[in-house]
Amino acid sequence: MAERQGRNQQRREQARAAREAVPLSPAFDLDLPVLAHADEIRAAVRDHPVVVICGETGSGKSTQLPKLMLDLGRGASGLIAHTQPRRIAARSLAARVAEECGTELGHGVGYRVRFGDRTGPSTRVKLLTDGMLLAETQGDPDLLDYDTVIIDEAHERSLNIDFLLGYLKRLLPRRPDLRIIITSATIDPQRFSDHFDGAPVIEVSGRTWPVDVRYRPLAAQSEDERERSLRQGVLDAVDELSGLGRGDVLVFLPGEREIRQCAEALRKHHPPHTEVLPLYGRLSTAEQQRVFAPHAGRRIVLATNVAETSLTVPGIRYVVDSGLARISRYSYRTKVQRLPVEPIAQSSADQRAGRCGREGPGVCIRLYEQADYEARPRFTDPEILRTNLASVILQMKHLRLGAIERFPFVEPPDPRYVRDGLKLLDELGALNRRQNLSRLGRRLARLPIDPRLARILLAGEQEGALREMLVLAAALSIQDPRERPMDQREAADAAQAGWQDRHSDFATLLKLWDDYREQARQLSRRKLQAWCHEHFLSHVRMREWTDIHGQLHGLVRGMGLTENAAPARGVAVHRALLTGFLSNIARREDGEEYIGPRGLKLAIHPGSGVARKRPRWVVAAELVETRRGFARTTAEVRP
């Protein structure tokens with residue numbers, strides 16, 4: 001141990017000498033509002049271990065703070081860590097700060113993200129994601145490689161940000177020399193100050209250009225109508241903005257699929273001199289960087305909420321806001337983590353509007369009503385309050401952050417949910433007798449999805465049924481795509497009868513998937529939509545199923561799991577499913593009633609193909625309590 005500490009100390013001294021040999025010359029844009037408070041910020045950082053800097057979008061916090069720290073002499077004894085919620089923001093900000101410091105990317109200023117490291121011995125400012133800094137605590141628990149940590153966009157309150165804030169609170173007594181700067185938009189900065197025992201809050205105003213907010217609500221009744229209406233709403237808004245003068249347009253959409261559809265519609269709709277560019281996290285670095293490159297003519301950028309706070313797209317004078325985002329939520333009742341598209345909070349809507357007031361007067365068109373905006377919650381719930389705590393505990397144990405009950409969260413989770421999460425991890429085999437991660441638990445922690453679904457994927461490879469588990473895990477992550485309208489139940493049942501399996505709803509889903517994929521290969525998009533309509537399927541959810549399946553496929557391939565070439569037998573499929581849904585087993589008593597876990601009285605959901613057969617034992621993907629308890633998505637179990 002002492003020998004390793006000596007080697008680490010020697011490495012740090014060599015790194016310090018390399019940093020001091022390459023001085024940086026940061027250039028400051030004195031027009032940026034944050035620099036009007038430069039002296040106040042320097043004094044606060046000198047005198048306090050933690051400083052909270054609060055300012056509107058466009059105040060220059062992200063680009064100027066690392067340079068102010070360099071000017072203060074930080075980044076010599078250790079690096080300046082500057083965290084971002086997303087990889088795309090870490091990379092683009094690193095390039096911008098490097099340019100303004102007169103150095104090449106990877107020398108004085110660099111970045112480190114998953115699958116990418118552009119740092120070197122002379123790096124003094126290191127942009128990295130929150131998750132990457134958390135991962136570094138494994139090898140450097142006291143963060144001795146750093147003398148300053150800037151937690152940017154803390155108001156987003158992701159799990160990683162909350163983990164970091166708690167970790168740093170614990171670390172400060174051991175590192176009195178460390179300086180921590182927390183930046184937030186004007187969203188509840190006092191909460192961060194209170195968390196760090198009354199840390200000073202410095203407020204910096206944003207740009208003062210006015211933004212004209214216009215409401216252009218969509219008229220849509222169903223999901224499919226909403227999708228068509230959203231596309232038309234974007235086209236109409238862009239037409240309206242094109243008559244207002246020069247300037248680029250930033251369109252906020254909930255996901256990649258909507259971006260692809262709107263991009264296709266805009267390219268058909270607009271003249272050649274208008275460039276349409278997508279912007280979302282899964283794009284390649286080269287494709288993302290196109291958004292920041294100089295250009296002639298008008299540009300329309302279609303983005304997810306990646307461009308809401310942590311990333312500034314240059315040249316934007318107009319914003320079109322769908323008012324929607326994909327937000328992860330855990331249902332305590334069904335015990336499933338989902339990614340529904342839902343309305344954003346007022347604070348997010350304000351952030352989006354602020355994106356067009358950076359370089360001059362802007363216009364923001366909201367595709368919803370003003371009354372709708374005013375009825376929305378002020379802030380988005382922090383992720384810790386809307387996620388499966390089994391996955392939180394799993395990650396905490398993986399990162400060795402200690403017991404969740406004693407961890408200093410900004411907002412502690414409900415103790416009942418903590419007990420529920422520990423019980424589930426134990427059931428999945430993720431914990432050993434000492435309540436530490438088992439070998440299986442460490443593998444589960446590598447899959448950033450609901451632990452139940454992660455478990456069935458691992459079991460799927462073991463049983464030779466990974467192909468089927470990928471399909472089912474994706475299906476269980478979305479709302480059921482099969483529709484059964486009240487006035488057309490018989491027609492819907494008849495249209496879907498070909499997929500129905502009397503022994504297993506999971507087998508039904510696999511048949512539906514195979515049929516849909518076959519149709520998708522043969523039919524045009526319009527004909528595929530008609531086929532879905534004819535079979536009472538939501539075309540939107542079927543494509544969502546396809547998208548999530550593709551993401552899961554990439555995850556397991558990255559872990560080295562092997563997909564079965566031949567179709568798996570039903571026994572293998574259901575054995576794999578039981579590993580994830582062991583506590584969702586129920587036994588039929590006399591009559592139709594089933595007794596589930598904790599003495600819960602259940603009936604098989606009437607939409608299930610298993611309902612008429614009424615087997616003695618069943619396993620369900622979810623247990624739902626409405627007026628009575630129902631087992632949904634079920635299969636017969638033969639003990």
# chains A, B, ... in the order shown; residues from 1 in each chain; ligands from 1

call {"tool": "residues_around", "arguments": {"residues": "Pro217 (chain A)", "least_positions_apart": "2", "cutoff": "6 Å", "atoms": "only C-alpha atoms", "output": "list in words"}}
result
Leu367, Tyr368 and Glu369 of chain A

call {"tool": "residues_around", "arguments": {"residues": "Asp321 (chain A)", "least_positions_apart": "6", "cutoff": "9 Å", "atoms": "only C-alpha atoms", "output": "number ranges by chain"}}
result
A: 234, 250-253, 349, 352-353, 364-368

call {"tool": "residues_around", "arguments": {"residues": "Val301 (chain A)", "least_positions_apart": "4", "cutoff": "9 Å", "atoms": "only C-alpha atoms", "output": "list of chain:residue names"}}
result
A:Asp248, A:Val249, A:Leu250, A:Val251, A:Phe252, A:Glu275, A:Val276, A:Leu277, A:Pro278, A:Leu279, A:Val291, A:Val313, A:Ile316

call {"tool": "write_last_selection", "arguments": {"atoms": "C-alpha atoms", "output": "tab-separated table (two decimals), in the first residue's frame"}}
result
chain	number	residue	atom	x	y	z
A	248	ASP	CA	-30.78	30.04	-37.11
A	249	VAL	CA	-33.62	28.03	-35.60
A	250	LEU	CA	-33.30	25.56	-32.70
A	251	VAL	CA	-36.17	23.04	-32.46
A	252	PHE	CA	-36.60	21.04	-29.22
A	275	GLU	CA	-29.38	23.24	-43.76
A	276	VAL	CA	-31.16	20.84	-41.39
A	277	LEU	CA	-28.98	19.25	-38.68
A	278	PRO	CA	-29.87	16.77	-35.90
A	279	LEU	CA	-28.31	17.02	-32.41
A	291	VAL	CA	-23.64	22.05	-35.40
A	313	VAL	CA	-25.46	26.31	-30.17
A	316	ILE	CA	-29.57	30.76	-32.66

call {"tool": "select_by_dssp", "arguments": {"residues": "region 91-180 of chain A", "states": "strand (DSSP E)", "output": "list in words"}}
result
Val109, Gly110, Tyr111, Arg112, Val113, Gly116, Asp117, Arg118, Val125, Lys126, Leu127, Leu128, Thr129, Tyr146, Asp147, Thr148, Val149, Ile150, Ile151, Arg179 and Ile180 of chain A

call {"tool": "residues_around", "arguments": {"residues": "Leu425 (chain A)", "least_positions_apart": "5", "cutoff": "7 Å", "atoms": "only C-alpha atoms", "output": "MDAnalysis selection string"}}
result
chainID A and resid 390 430:431

call {"tool": "write_last_selection", "arguments": {"atoms": "N, CA, C and O atoms", "output": "PDB file, in the first residue's frame"}}
result
ATOM      1  N   ALA A 390     -33.520   0.290  -6.426  1.00  0.00           N
ATOM      2  CA  ALA A 390     -32.647  -0.881  -6.577  1.00  0.00           C
ATOM      3  C   ALA A 390     -31.477  -0.529  -7.492  1.00  0.00           C
ATOM      4  O   ALA A 390     -30.325  -0.890  -7.216  1.00  0.00           O
ATOM      5  N   ALA A 430     -28.018 -10.179  -6.607  1.00  0.00           N
ATOM      6  CA  ALA A 430     -26.981  -9.156  -6.814  1.00  0.00           C
ATOM      7  C   ALA A 430     -26.151  -8.919  -5.554  1.00  0.00           C
ATOM      8  O   ALA A 430     -25.101  -8.276  -5.622  1.00  0.00           O
ATOM      9  N   LEU A 431     -26.637  -9.429  -4.386  1.00  0.00           N
ATOM     10  CA  LEU A 431     -25.939  -9.190  -3.121  1.00  0.00           C
ATOM     11  C   LEU A 431     -25.485 -10.515  -2.509  1.00  0.00           C
ATOM     12  O   LEU A 431     -26.147 -11.543  -2.654  1.00  0.00           O
TER      13      LEU A 431
END

call {"tool": "select_by_dssp", "arguments": {"residues": "region 227-280 of chain A", "states": "helix (DSSP H, G or I)", "output": "ChimeraX atom specification"}}
result
/A:227-242,256-269

call {"tool": "write_last_selection", "arguments": {"atoms": "C-alpha atoms", "output": "mmCIF file, in the first residue's frame"}}
result
data_model
loop_
_atom_site.group_PDB
_atom_site.id
_atom_site.type_symbol
_atom_site.label_atom_id
_atom_site.label_comp_id
_atom_site.auth_asym_id
_atom_site.auth_seq_id
_atom_site.Cartn_x
_atom_site.Cartn_y
_atom_site.Cartn_z
ATOM 1 C CA GLU A 227 -46.969 12.779 -33.876
ATOM 2 C CA ARG A 228 -48.390 13.987 -37.212
ATOM 3 C CA SER A 229 -49.490 17.253 -35.608
ATOM 4 C CA LEU A 230 -46.043 17.808 -34.057
ATOM 5 C CA ARG A 231 -44.382 17.441 -37.453
ATOM 6 C CA GLN A 232 -46.842 19.891 -39.046
ATOM 7 C CA GLY A 233 -46.533 22.250 -36.068
ATOM 8 C CA VAL A 234 -42.742 22.416 -36.550
ATOM 9 C CA LEU A 235 -43.169 23.105 -40.295
ATOM 10 C CA ASP A 236 -45.693 25.897 -39.602
ATOM 11 C CA ALA A 237 -43.491 27.447 -36.899
ATOM 12 C CA VAL A 238 -40.420 27.441 -39.152
ATOM 13 C CA ASP A 239 -42.476 29.079 -41.909
ATOM 14 C CA GLU A 240 -43.598 31.785 -39.471
ATOM 15 C CA LEU A 241 -40.017 32.413 -38.295
ATOM 16 C CA SER A 242 -38.577 32.522 -41.819
ATOM 17 C CA GLU A 256 -34.330 10.702 -31.898
ATOM 18 C CA ARG A 257 -37.316 9.309 -33.775
ATOM 19 C CA GLU A 258 -39.131 12.672 -33.789
ATOM 20 C CA ILE A 259 -35.883 14.352 -34.896
ATOM 21 C CA ARG A 260 -35.518 11.964 -37.844
ATOM 22 C CA GLN A 261 -39.152 12.485 -38.918
ATOM 23 C CA CYS A 262 -39.019 16.283 -38.668
ATOM 24 C CA ALA A 263 -35.647 16.399 -40.456
ATOM 25 C CA GLU A 264 -37.094 14.428 -43.357
ATOM 26 C CA ALA A 265 -40.202 16.660 -43.505
ATOM 27 C CA LEU A 266 -38.138 19.895 -43.348
ATOM 28 C CA ARG A 267 -35.732 18.781 -46.088
ATOM 29 C CA LYS A 268 -38.693 18.144 -48.399
ATOM 30 C CA HIS A 269 -40.350 21.403 -47.362
#

call {"tool": "residues_around", "arguments": {"residues": "Asp140 (chain A)", "least_positions_apart": "5", "cutoff": "12 Å", "atoms": "only C-alpha atoms", "output": "CSV table (one decimal) with N, CA and C atoms, in the first residue's frame"}}
result
chain,number,residue,atom,x,y,z
A,4,ARG,N,2.5,1.8,-3.3
A,4,ARG,CA,1.6,2.3,-4.3
A,4,ARG,C,1.4,3.8,-4.1
A,5,GLN,N,1.2,4.2,-2.8
A,5,GLN,CA,1.0,5.6,-2.5
A,5,GLN,C,2.2,6.5,-2.9
A,8,ASN,N,2.1,6.9,-6.7
A,8,ASN,CA,1.1,7.9,-7.0
A,8,ASN,C,1.6,9.3,-6.8
A,9,GLN,N,2.3,9.5,-5.6
A,9,GLN,CA,2.8,10.8,-5.3
A,9,GLN,C,3.8,11.3,-6.3
A,12,ARG,N,2.1,12.4,-9.4
A,12,ARG,CA,1.4,13.7,-9.3
A,12,ARG,C,2.5,14.8,-9.4
A,133,LEU,N,-16.3,11.4,-13.5
A,133,LEU,CA,-15.6,11.8,-12.2
A,133,LEU,C,-15.9,10.9,-11.1
A,134,LEU,N,-17.2,10.4,-11.0
A,134,LEU,CA,-17.6,9.5,-10.0
A,134,LEU,C,-16.8,8.2,-10.1
A,135,ALA,N,-16.6,7.7,-11.4
A,135,ALA,CA,-15.8,6.5,-11.6
A,135,ALA,C,-14.4,6.7,-11.2
A,145,ASP,N,-5.8,14.1,-7.5
A,145,ASP,CA,-5.4,14.6,-8.8
A,145,ASP,C,-5.9,16.0,-9.1
A,146,TYR,N,-6.9,16.5,-8.3
A,146,TYR,CA,-7.5,17.7,-8.6
A,146,TYR,C,-7.3,18.7,-7.4
A,171,LEU,N,-16.1,14.5,1.4
A,171,LEU,CA,-14.7,14.6,1.2
A,171,LEU,C,-14.0,15.8,1.8
A,399,LEU,N,-19.9,1.7,-6.9
A,399,LEU,CA,-19.0,2.9,-6.8
A,399,LEU,C,-18.4,3.0,-5.4

call {"tool": "residues_around", "arguments": {"residues": "Pro615 (chain A)", "least_positions_apart": "2", "cutoff": "12 Å", "atoms": "only C-alpha atoms", "output": "list of chain:residue names"}}
result
A:Arg502, A:His503, A:Ser504, A:Ala586, A:Arg587, A:Arg588, A:Glu589, A:Asp590, A:Gly591, A:Glu592, A:Glu593, A:Tyr594, A:Ala603, A:Ile604, A:Gly609, A:Val610, A:Ala611, A:Arg612, A:Lys613, A:Trp617, A:Val618, A:Val619, A:Thr634, A:Ala635, A:Glu636, A:Val637, A:Arg638, A:Pro639

call {"tool": "closest_residue", "arguments": {"among": "A:Leu623, A:Ala185, A:Val418, A:Ile344", "to": "Glu56 (chain A)", "atoms": "only C-alpha atoms"}}
result
A:Ala185

call {"tool": "atom_distance", "arguments": {"atom1": "CA of Gln496 (chain A)", "atom2": "CA of His535 (chain A)"}}
result
6.2 Å

call {"tool": "closest_residue", "arguments": {"among": "A:Val410, A:Leu144, A:Cys356, A:Val34", "to": "Trp209 (chain A)", "atoms": "only C-alpha atoms"}}
result
A:Cys356

call {"tool": "residues_around", "arguments": {"residues": "region 101-108 of chain A", "least_positions_apart": "6", "cutoff": "12 Å", "atoms": "only C-alpha atoms", "output": "PDB file with C-alpha atoms, in the first residue's frame"}}
result
ATOM      1  CA  ALA A  15       2.290  15.898 -13.685  1.00  0.00           C
ATOM      2  CA  ALA A  18       4.500  19.140 -16.828  1.00  0.00           C
ATOM      3  CA  ARG A  19       1.560  21.513 -16.214  1.00  0.00           C
ATOM      4  CA  GLU A  20       3.769  24.341 -14.966  1.00  0.00           C
ATOM      5  CA  ALA A  21       6.014  23.993 -18.030  1.00  0.00           C
ATOM      6  CA  VAL A  22       3.078  24.917 -20.332  1.00  0.00           C
ATOM      7  CA  PRO A  23       1.555  28.229 -19.153  1.00  0.00           C
ATOM      8  CA  LEU A  24      -1.917  29.133 -20.449  1.00  0.00           C
ATOM      9  CA  SER A  25      -3.042  32.623 -21.516  1.00  0.00           C
ATOM     10  CA  PRO A  26      -6.830  32.733 -21.106  1.00  0.00           C
ATOM     11  CA  ALA A  27      -8.610  35.477 -23.081  1.00  0.00           C
ATOM     12  CA  PHE A  28     -11.748  36.945 -21.477  1.00  0.00           C
ATOM     13  CA  ASP A  29     -14.861  38.257 -23.227  1.00  0.00           C
ATOM     14  CA  THR A  63     -16.772  29.011 -20.531  1.00  0.00           C
ATOM     15  CA  GLN A  64     -15.417  31.683 -18.163  1.00  0.00           C
ATOM     16  CA  PRO A  66     -12.390  27.517 -15.628  1.00  0.00           C
ATOM     17  CA  LYS A  67     -10.417  30.470 -17.051  1.00  0.00           C
ATOM     18  CA  LEU A  68     -11.075  32.526 -13.899  1.00  0.00           C
ATOM     19  CA  LEU A  70      -6.583  29.478 -13.996  1.00  0.00           C
ATOM     20  CA  ASP A  71      -6.189  33.215 -13.500  1.00  0.00           C
ATOM     21  CA  GLY A  75      -4.892  24.006 -11.867  1.00  0.00           C
ATOM     22  CA  ALA A  76      -1.205  23.869 -10.859  1.00  0.00           C
ATOM     23  CA  LEU A  79      -6.157  19.608 -12.267  1.00  0.00           C
ATOM     24  CA  ILE A  80      -9.332  21.678 -12.569  1.00  0.00           C
ATOM     25  CA  ARG A  91     -16.330  17.647 -25.781  1.00  0.00           C
ATOM     26  CA  SER A  92     -17.643  20.894 -27.281  1.00  0.00           C
ATOM     27  CA  LEU A  93     -16.858  22.973 -24.169  1.00  0.00           C
ATOM     28  CA  ALA A  94     -13.317  21.564 -24.007  1.00  0.00           C
ATOM     29  CA  ALA A  95     -12.714  22.664 -27.617  1.00  0.00           C
ATOM     30  CA  GLY A 116     -12.823   9.110 -25.439  1.00  0.00           C
ATOM     31  CA  ASP A 117      -9.808  10.626 -23.630  1.00  0.00           C
ATOM     32  CA  ARG A 118      -8.135  13.788 -24.962  1.00  0.00           C
ATOM     33  CA  THR A 119      -5.909  14.686 -22.011  1.00  0.00           C
ATOM     34  CA  GLY A 120      -2.132  14.719 -21.594  1.00  0.00           C
ATOM     35  CA  PRO A 121       0.585  15.410 -19.000  1.00  0.00           C
ATOM     36  CA  SER A 122       0.240  19.190 -19.504  1.00  0.00           C
ATOM     37  CA  THR A 123      -3.584  19.276 -19.143  1.00  0.00           C
ATOM     38  CA  ARG A 124      -4.720  21.741 -16.457  1.00  0.00           C
ATOM     39  CA  VAL A 125      -8.453  21.987 -17.225  1.00  0.00           C
ATOM     40  CA  LYS A 126     -10.222  18.661 -17.720  1.00  0.00           C
ATOM     41  CA  LEU A 127     -13.815  18.563 -18.966  1.00  0.00           C
TER      42      LEU A 127
END

call {"tool": "atom_distance", "arguments": {"atom1": "CA of Arg246 (chain A)", "atom2": "CA of Ala303 (chain A)"}}
result
20.0 Å

call {"tool": "atom_distance", "arguments": {"atom1": "CA of Asn436 (chain A)", "atom2": "CA of Ile404 (chain A)"}}
result
12.6 Å
